[in-house]
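Have a look at protein-v2.txt below; it lists compact mmCIF, C-alpha atoms.
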# COMPACT_ATOMS: atom_id res chain seq x y z
CA MET A 1 14.31 -72.35 -12.26
CA SER A 2 10.57 -72.56 -12.89
CA ASN A 3 8.54 -72.72 -16.07
CA ILE A 4 7.08 -69.81 -18.02
CA LEU A 5 3.92 -68.31 -16.58
CA LEU A 6 1.32 -66.64 -18.78
CA GLY A 7 -0.96 -64.45 -16.69
CA PHE A 8 -4.55 -64.00 -17.85
CA PRO A 9 -7.10 -62.54 -17.65
CA ASN A 10 -6.36 -59.21 -16.00
CA ARG A 11 -9.06 -58.65 -13.39
CA ALA A 12 -7.92 -55.11 -12.54
CA ASP A 13 -10.62 -53.83 -14.89
CA ILE A 14 -13.50 -55.02 -12.71
CA GLY A 15 -12.16 -53.75 -9.37
CA THR A 16 -13.42 -50.95 -7.15
CA TYR A 17 -10.54 -48.91 -5.76
CA THR A 18 -10.34 -47.27 -2.34
CA GLY A 19 -7.71 -46.14 0.15
CA GLY A 20 -4.57 -44.06 0.06
CA SER A 21 -4.49 -40.46 -1.11
CA TRP A 22 -4.58 -39.91 -4.86
CA LEU A 23 -5.10 -36.82 -6.99
CA PRO A 24 -8.77 -36.39 -7.97
CA ALA A 25 -7.78 -36.04 -11.62
CA LEU A 26 -5.48 -39.08 -11.42
CA PRO A 27 -7.26 -41.48 -9.04
CA ALA A 28 -6.13 -44.96 -8.00
CA SER A 29 -8.85 -46.43 -10.22
CA ASN A 30 -6.76 -45.43 -13.26
CA VAL A 31 -4.61 -48.51 -12.69
CA GLY A 32 -7.69 -50.49 -13.67
CA ILE A 33 -7.71 -48.91 -17.15
CA ARG A 34 -5.81 -50.55 -20.00
CA GLU A 35 -4.39 -47.26 -21.36
CA GLN A 36 -1.17 -46.97 -19.34
CA TRP A 37 -0.78 -43.24 -19.98
CA ARG A 38 -3.86 -42.64 -17.80
CA VAL A 39 -1.82 -42.94 -14.63
CA ALA A 40 -2.73 -42.91 -10.96
CA ARG A 41 -0.69 -40.38 -8.96
CA SER A 42 -0.55 -40.08 -5.18
CA THR A 43 -0.84 -36.67 -3.56
CA ASN A 44 2.52 -37.20 -1.85
CA SER A 45 5.00 -39.99 -1.13
CA GLU A 46 3.91 -40.70 2.44
CA LEU A 47 3.25 -44.33 3.34
CA ALA A 48 -0.40 -43.68 4.15
CA SER A 49 -0.95 -42.15 0.71
CA THR A 50 0.74 -44.68 -1.56
CA LYS A 51 -1.58 -47.64 -1.20
CA PHE A 52 -4.93 -48.81 -2.51
CA SER A 53 -7.37 -51.64 -1.93
CA VAL A 54 -9.25 -53.45 -4.68
CA GLU A 55 -12.63 -55.11 -4.27
CA PHE A 56 -13.46 -57.34 -7.22
CA GLY A 57 -17.12 -57.92 -6.43
CA ARG A 58 -16.69 -61.69 -6.42
CA PRO A 59 -13.87 -64.14 -5.70
CA ILE A 60 -11.36 -64.24 -8.52
CA SER A 61 -8.45 -66.58 -9.17
CA MET A 62 -5.15 -64.81 -8.47
CA ARG A 63 -1.65 -66.01 -9.23
CA ALA A 64 0.39 -63.10 -10.61
CA PHE A 65 0.68 -59.35 -10.11
CA ALA A 66 2.50 -56.55 -11.89
CA LEU A 67 2.76 -52.76 -11.87
CA ALA A 68 3.46 -51.18 -15.26
CA ASN A 69 4.55 -47.67 -16.26
CA HIS A 70 5.49 -46.71 -12.71
CA ASN A 71 7.97 -44.17 -11.34
CA LEU A 72 9.07 -46.22 -8.33
CA SER A 73 12.59 -45.36 -7.26
CA GLN A 74 15.54 -47.62 -6.58
CA ALA A 75 14.73 -47.71 -2.85
CA ALA A 76 11.03 -48.53 -3.33
CA LEU A 77 9.39 -51.46 -1.56
CA TRP A 78 5.95 -52.92 -2.16
CA ARG A 79 3.65 -55.32 -0.40
CA ILE A 80 0.71 -57.44 -1.55
CA LYS A 81 -2.03 -58.49 0.82
CA ILE A 82 -4.97 -60.75 0.01
CA GLY A 83 -7.79 -61.10 2.48
CA SER A 84 -11.32 -62.23 3.11
CA THR A 85 -12.21 -58.61 3.98
CA ALA A 86 -11.03 -55.21 2.76
CA GLY A 87 -7.42 -54.49 3.75
CA ALA A 88 -6.95 -57.89 5.39
CA SER A 89 -4.02 -60.25 4.85
CA ASP A 90 -5.43 -63.47 6.29
CA LEU A 91 -5.09 -65.29 2.94
CA TYR A 92 -1.68 -63.96 1.87
CA ASP A 93 0.93 -61.39 2.83
CA SER A 94 4.02 -60.98 0.67
CA ALA A 95 5.73 -58.81 3.33
CA TRP A 96 7.77 -55.83 2.17
CA GLN A 97 10.02 -56.59 -0.77
CA GLY A 98 12.12 -54.58 -3.17
CA VAL A 99 10.62 -53.36 -6.42
CA TRP A 100 13.94 -53.46 -8.24
CA HIS A 101 15.79 -56.69 -8.94
CA LEU A 102 17.72 -55.71 -12.06
CA THR A 103 21.48 -55.68 -11.74
CA PHE A 104 23.95 -54.66 -14.36
CA ASP A 105 27.09 -56.73 -14.82
CA SER A 106 30.26 -54.73 -14.37
CA ASP A 107 31.50 -55.60 -17.85
CA LEU A 108 28.55 -53.66 -19.27
CA LEU A 109 29.50 -50.49 -17.38
CA GLU A 110 32.22 -47.93 -17.63
CA TRP A 111 34.70 -48.03 -14.75
CA GLU A 112 33.85 -44.40 -13.92
CA SER A 113 30.16 -45.21 -13.46
CA SER A 114 29.07 -45.42 -9.83
CA SER A 115 26.87 -48.32 -10.87
CA PHE A 116 30.06 -50.31 -11.57
CA TRP A 117 30.62 -50.55 -7.83
CA GLU A 118 27.02 -50.86 -6.61
CA GLY A 119 25.55 -53.29 -9.13
CA ILE A 120 22.07 -51.83 -9.49
CA VAL A 121 21.62 -48.57 -11.34
CA ASP A 122 21.68 -45.47 -9.16
CA ASP A 123 21.32 -42.81 -11.86
CA PRO A 124 17.58 -42.00 -12.05
CA SER A 125 17.92 -41.33 -15.78
CA GLU A 126 18.82 -45.00 -16.25
CA TYR A 127 15.55 -46.37 -14.91
CA LEU A 128 12.91 -43.62 -14.89
CA GLY A 129 10.78 -43.88 -18.01
CA HIS A 130 11.80 -47.53 -18.22
CA PRO A 131 9.65 -50.35 -19.55
CA TYR A 132 10.36 -52.64 -16.59
CA LEU A 133 7.57 -54.10 -14.48
CA ALA A 134 7.37 -54.67 -10.77
CA THR A 135 6.26 -58.31 -10.57
CA HIS A 136 5.20 -60.81 -7.95
CA THR A 137 3.98 -64.39 -8.26
CA LEU A 138 2.08 -66.33 -5.63
CA PRO A 139 3.31 -69.82 -4.71
CA GLY A 140 -0.12 -71.16 -5.68
CA TRP A 141 -3.56 -70.01 -6.80
CA ILE A 142 -5.71 -68.06 -4.35
CA ASN A 143 -9.39 -67.29 -4.80
CA ALA A 144 -10.40 -64.05 -3.12
CA ARG A 145 -12.20 -60.77 -3.72
CA HIS A 146 -10.03 -58.37 -1.70
CA LEU A 147 -6.54 -57.21 -2.66
CA THR A 148 -4.37 -54.47 -1.15
CA ILE A 149 -1.24 -52.99 -2.73
CA GLU A 150 1.03 -50.96 -0.42
CA ILE A 151 4.07 -49.01 -1.60
CA ASN A 152 6.89 -47.65 0.51
CA ASP A 153 8.74 -45.04 -1.55
CA THR A 154 8.88 -42.08 0.81
CA THR A 155 12.17 -40.81 -0.64
CA ASN A 156 10.95 -40.81 -4.25
CA PRO A 157 12.56 -37.70 -5.80
CA ALA A 158 9.31 -36.86 -7.61
CA GLY A 159 7.51 -36.49 -4.29
CA TYR A 160 4.75 -38.85 -5.37
CA VAL A 161 4.10 -42.37 -6.66
CA GLN A 162 2.74 -42.90 -10.14
CA ILE A 163 1.40 -46.14 -11.66
CA GLY A 164 0.01 -46.68 -15.13
CA ARG A 165 -1.46 -50.17 -14.89
CA LEU A 166 -2.08 -53.01 -12.46
CA PHE A 167 -2.15 -56.64 -13.47
CA ALA A 168 -3.95 -58.90 -11.01
CA GLY A 169 -5.15 -62.23 -12.27
CA GLY A 170 -4.70 -65.93 -12.78
CA GLY A 171 -2.25 -67.68 -15.02
CA PHE A 172 -1.15 -70.75 -16.93
CA GLN A 173 2.11 -72.51 -16.11
CA PRO A 174 2.78 -75.59 -18.27
CA LYS A 175 4.22 -78.81 -16.89
CA TYR A 176 7.06 -78.64 -19.42
CA ASN A 177 8.89 -75.44 -20.19
CA ALA A 178 9.36 -73.81 -23.59
CA SER A 179 11.45 -75.73 -26.09
CA TYR A 180 14.94 -74.54 -26.95
CA GLY A 181 14.83 -71.75 -29.50
CA LEU A 182 12.95 -69.10 -27.49
CA ARG A 183 13.69 -65.64 -28.91
CA ASP A 184 13.72 -62.36 -26.95
CA SER A 185 13.82 -59.19 -29.02
CA TRP A 186 13.10 -55.47 -29.17
CA LEU A 187 10.70 -53.84 -31.61
CA ASP A 188 11.68 -50.30 -32.61
CA GLY A 189 8.91 -48.43 -34.41
CA SER A 190 11.11 -45.41 -35.12
CA GLU A 191 10.76 -44.08 -38.65
CA LEU A 192 13.96 -43.22 -40.52
CA SER A 193 14.38 -41.28 -43.74
CA GLU A 194 17.33 -39.89 -45.62
CA THR A 195 17.77 -36.43 -47.13
CA ASP A 196 19.23 -35.95 -50.60
CA SER A 197 22.61 -35.41 -48.98
CA GLY A 198 22.41 -38.74 -47.18
CA TYR A 199 21.73 -37.36 -43.71
CA THR A 200 19.40 -39.60 -41.70
CA LEU A 201 16.32 -38.09 -40.10
CA ALA A 202 14.51 -39.96 -37.36
CA TYR A 203 11.04 -39.85 -35.88
CA LEU A 204 11.77 -41.68 -32.64
CA LYS A 205 9.27 -43.98 -31.01
CA ARG A 206 9.52 -46.13 -27.90
CA ARG A 207 10.98 -49.59 -28.15
CA ARG A 208 8.88 -52.55 -27.09
CA ARG A 209 9.93 -56.03 -26.11
CA ALA A 210 8.80 -59.16 -27.90
CA VAL A 211 9.18 -62.87 -27.32
CA SER A 212 8.40 -65.93 -29.37
CA PHE A 213 8.57 -69.53 -28.18
CA GLU A 214 7.02 -72.94 -28.55
CA LEU A 215 5.55 -75.14 -25.87
CA GLY A 216 6.52 -78.37 -27.55
CA TRP A 217 5.22 -80.78 -24.91
CA VAL A 218 1.70 -79.82 -23.92
CA THR A 219 -0.77 -82.29 -22.46
CA PRO A 220 -4.28 -82.44 -23.94
CA ASP A 221 -5.65 -80.78 -20.79
CA GLU A 222 -3.08 -77.99 -21.09
CA ALA A 223 -3.89 -77.62 -24.78
CA ALA A 224 -7.48 -76.91 -23.78
CA ILE A 225 -6.19 -74.03 -21.61
CA VAL A 226 -4.10 -72.68 -24.50
CA HIS A 227 -7.19 -72.91 -26.70
CA GLU A 228 -9.11 -70.92 -24.08
CA ILE A 229 -6.35 -68.28 -23.80
CA GLN A 230 -6.63 -67.72 -27.54
CA ARG A 231 -10.41 -67.49 -27.41
CA ARG A 232 -10.57 -65.13 -24.46
CA GLN A 233 -7.59 -62.89 -25.09
CA GLY A 234 -7.41 -62.89 -28.87
CA LEU A 235 -5.00 -60.35 -30.34
CA TRP A 236 -6.11 -57.52 -28.05
CA GLY A 237 -6.41 -58.98 -24.55
CA GLU A 238 -3.57 -58.53 -22.08
CA VAL A 239 -1.20 -61.40 -21.35
CA LEU A 240 1.42 -61.13 -18.60
CA TYR A 241 4.57 -62.93 -19.71
CA LEU A 242 6.89 -64.04 -16.89
CA PRO A 243 9.79 -66.16 -18.18
CA ASP A 244 10.77 -67.60 -14.78
CA PRO A 245 8.64 -66.70 -11.72
CA SER A 246 11.38 -68.02 -9.42
CA ASP A 247 13.82 -65.43 -10.83
CA GLN A 248 12.55 -61.88 -10.32
CA THR A 249 15.56 -60.40 -12.08
CA LYS A 250 14.79 -62.35 -15.23
CA CYS A 251 11.09 -61.49 -14.98
CA GLN A 252 11.91 -57.80 -14.68
CA ARG A 253 14.35 -57.76 -17.58
CA TYR A 254 12.46 -59.95 -20.04
CA GLY A 255 8.90 -60.09 -18.67
CA MET A 256 6.20 -57.86 -20.06
CA LEU A 257 2.54 -56.99 -20.06
CA GLY A 258 1.73 -57.69 -23.66
CA ARG A 259 -0.69 -59.05 -26.19
CA MET A 260 -0.46 -61.97 -28.56
CA ALA A 261 0.79 -61.00 -32.01
CA GLU A 262 -0.83 -64.05 -33.60
CA LEU A 263 -2.97 -67.02 -32.66
CA GLY A 264 -0.90 -69.99 -33.71
CA PRO A 265 -2.37 -73.43 -34.33
CA ILE A 266 -2.27 -76.15 -31.71
CA ASP A 267 -0.34 -79.00 -33.29
CA TYR A 268 -0.65 -82.75 -32.69
CA PRO A 269 2.97 -83.89 -33.18
CA PHE A 270 2.85 -87.08 -31.10
CA TYR A 271 0.35 -89.44 -29.58
CA ASN A 272 -1.43 -87.85 -26.62
CA MET A 273 0.75 -84.76 -26.84
CA ARG A 274 0.24 -81.27 -28.24
CA ALA A 275 2.41 -78.31 -29.21
CA ALA A 276 1.62 -74.59 -29.31
CA ALA A 277 3.61 -71.58 -30.48
CA PHE A 278 3.36 -68.13 -28.90
CA SER A 279 4.36 -64.68 -30.11
CA ILE A 280 3.85 -61.89 -27.58
CA ARG A 281 4.48 -58.17 -28.00
CA GLU A 282 4.68 -55.62 -25.21
CA ILE A 283 1.83 -53.17 -24.84

Represent the structure from my file as structure tokens, please.
Amino acid sequence: MSNILLGFPNRADIGTYTGGSWLPALPASNVGIREQWRVARSTNSELASTKFSVEFGRPISMRAFALANHNLSQAALWRIKIGSTAGASDLYDSAWQGVWHLTFDSDLLEWESSSFWEGIVDDPSEYLGHPYLATHTLPGWINARHLTIEINDTTNPAGYVQIGRLFAGGGFQPKYNASYGLRDSWLDGSELSETDSGYTLAYLKRRRRAVSFELGWVTPDEAAIVHEIQRRQGLWGEVLYLPDPSDQTKCQRYGMLGRMAELGPIDYPFYNMRAAAFSIREI
């Protein structure tokens, strides 16, 4: 188990995107736009088409990566390469790894469900349109200006790969993990009303994840980083929340690309020690 990682800032916005084969109206550069509905869509699902390289213009600090609002299938693999030149992997190569890590315990499934026997969901309706990220965390920080994302999803039933947002940036991982009392939750913005007869009408909206926790043992140097996160990201800036970078299943289920719901005070509870509370809501 490893400590919470808060990824910031997202440098996808400043990248120049090349490579692969993407629809002119839905180019790869759309993953560098905050609005996740402005997706990038490949022209087909061939390996040569479903990749892109990012040039940041200057070396940036990288620690964590995520793909949001994607249509990657159960069989999809992805690969992250970081290099000193475009397309190179001399600084880092994740090798091919599965996008999906979520498994569903058999006691949550009906016996008749094929997923009962196979563990991971195999009904596309159970994961397409999902809120779950593809995530990857580097073992340490790397400063570089060239990043390549490759996707192997040639059997995708849609016949193409679609991605709404890329997170590529640094992060903060405290020495001590969150205190007991962390709370995971869902926010449902659906609007309900009742008719005179008592029938309930619903205007359904998507559910978003939320988490709140306290870092109760923060060093003064770490408190300065928290202070900087609040200054730079505010209530609008993106924050990638990964609850346990060593556990990709947990990161996929509970992790999110979100924003801070409030900027809590940095407390001074003990000598030479700080405390900071976080409340993050999924974008």

What's the 6 Å shell around region 51-53 of chain A, counting all atoms listed in the file, without same-chain residues fewer than 3 positions away, as a VMD selection string? chain A and resid 17 to 20 147 to 151

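The coordinates place CA of Thr50 (chain A) at 14.0 Å from CA of Leu166 (chain A).
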
If you take only C-alpha atoms and a cut-off of 6 Å, which residues of region 142-261 of chain A touch region 61-85 of chain A, and what are their nearest atom pairs and distances in Å to one decimal, in chain and number order, as JSON lines?
{"residue": "A:Ile142", "atom": "CA", "partner": "A:Met62", "partner_atom": "CA", "distance": 5.3}
{"residue": "A:Asn143", "atom": "CA", "partner": "A:Ser61", "partner_atom": "CA", "distance": 4.5}
{"residue": "A:His146", "atom": "CA", "partner": "A:Gly83", "partner_atom": "CA", "distance": 5.5}
{"residue": "A:Leu147", "atom": "CA", "partner": "A:Ile82", "partner_atom": "CA", "distance": 4.7}
{"residue": "A:Thr148", "atom": "CA", "partner": "A:Lys81", "partner_atom": "CA", "distance": 5.1}
{"residue": "A:Ile149", "atom": "CA", "partner": "A:Ile80", "partner_atom": "CA", "distance": 5.0}
{"residue": "A:Glu150", "atom": "CA", "partner": "A:Arg79", "partner_atom": "CA", "distance": 5.1}
{"residue": "A:Ile151", "atom": "CA", "partner": "A:Trp78", "partner_atom": "CA", "distance": 4.4}
{"residue": "A:Asn152", "atom": "CA", "partner": "A:Leu77", "partner_atom": "CA", "distance": 5.0}
{"residue": "A:Asp153", "atom": "CA", "partner": "A:Ala76", "partner_atom": "CA", "distance": 4.5}
{"residue": "A:Asn156", "atom": "CA", "partner": "A:Ser73", "partner_atom": "CA", "distance": 5.7}
{"residue": "A:Gln162", "atom": "CA", "partner": "A:His70", "partner_atom": "CA", "distance": 5.4}
{"residue": "A:Ile163", "atom": "CA", "partner": "A:His70", "partner_atom": "CA", "distance": 4.3}
{"residue": "A:Gly164", "atom": "CA", "partner": "A:Asn69", "partner_atom": "CA", "distance": 4.8}
{"residue": "A:Arg165", "atom": "CA", "partner": "A:Ala68", "partner_atom": "CA", "distance": 5.0}
{"residue": "A:Leu166", "atom": "CA", "partner": "A:Leu67", "partner_atom": "CA", "distance": 4.9}
{"residue": "A:Phe167", "atom": "CA", "partner": "A:Ala66", "partner_atom": "CA", "distance": 4.9}
{"residue": "A:Ala168", "atom": "CA", "partner": "A:Phe65", "partner_atom": "CA", "distance": 4.7}
{"residue": "A:Gly169", "atom": "CA", "partner": "A:Met62", "partner_atom": "CA", "distance": 4.6}
{"residue": "A:Gly170", "atom": "CA", "partner": "A:Met62", "partner_atom": "CA", "distance": 4.5}

With only C-alpha atoms as the atoms that count, which of A:Arg274, A:His101, A:His227, A:Arg183 lies nearest to Ala134 (chain A)?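 Closest candidate: A:His101.
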
Find the residue from A:Leu6, A:Leu47, A:Ile266, A:Ala261 that sits nearest to Thr154 (chain A); use all atoms listed in the file when measuring.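 Going through A:Leu6, A:Leu47, A:Ile266, A:Ala261 one by one, the smallest distance to Thr154 (chain A) is for A:Leu47.
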
Calculated over all atoms listed in the file, which of the candidates A:Phe56, A:Trp186, A:Tyr203, A:Trp22 has the smallest distance to Ala40 (chain A)?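 The answer is A:Trp22, which sits nearest to Ala40 (chain A).
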
Counting all atoms listed in the file, the residue of A:Ala88, A:Leu102, A:Ile4, A:Val218 that sits nearest Tyr241 (chain A): A:Ile4

Distance CA of Arg207 (chain A)-CA of Trp100 (chain A), one decimal place?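 Between CA of Arg207 (chain A) and CA of Trp100 (chain A) the gap works out to 20.5 Å.
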
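Interatomic distance, CA of Thr135 (chain A) against CA of Ser45 (chain A): 20.6 Å.
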
Of the candidates A:Arg232, A:Arg259, A:Arg41, A:Arg253, which one gets nearest to Ser185 (chain A) if we count only C-alpha atoms? A:Arg253
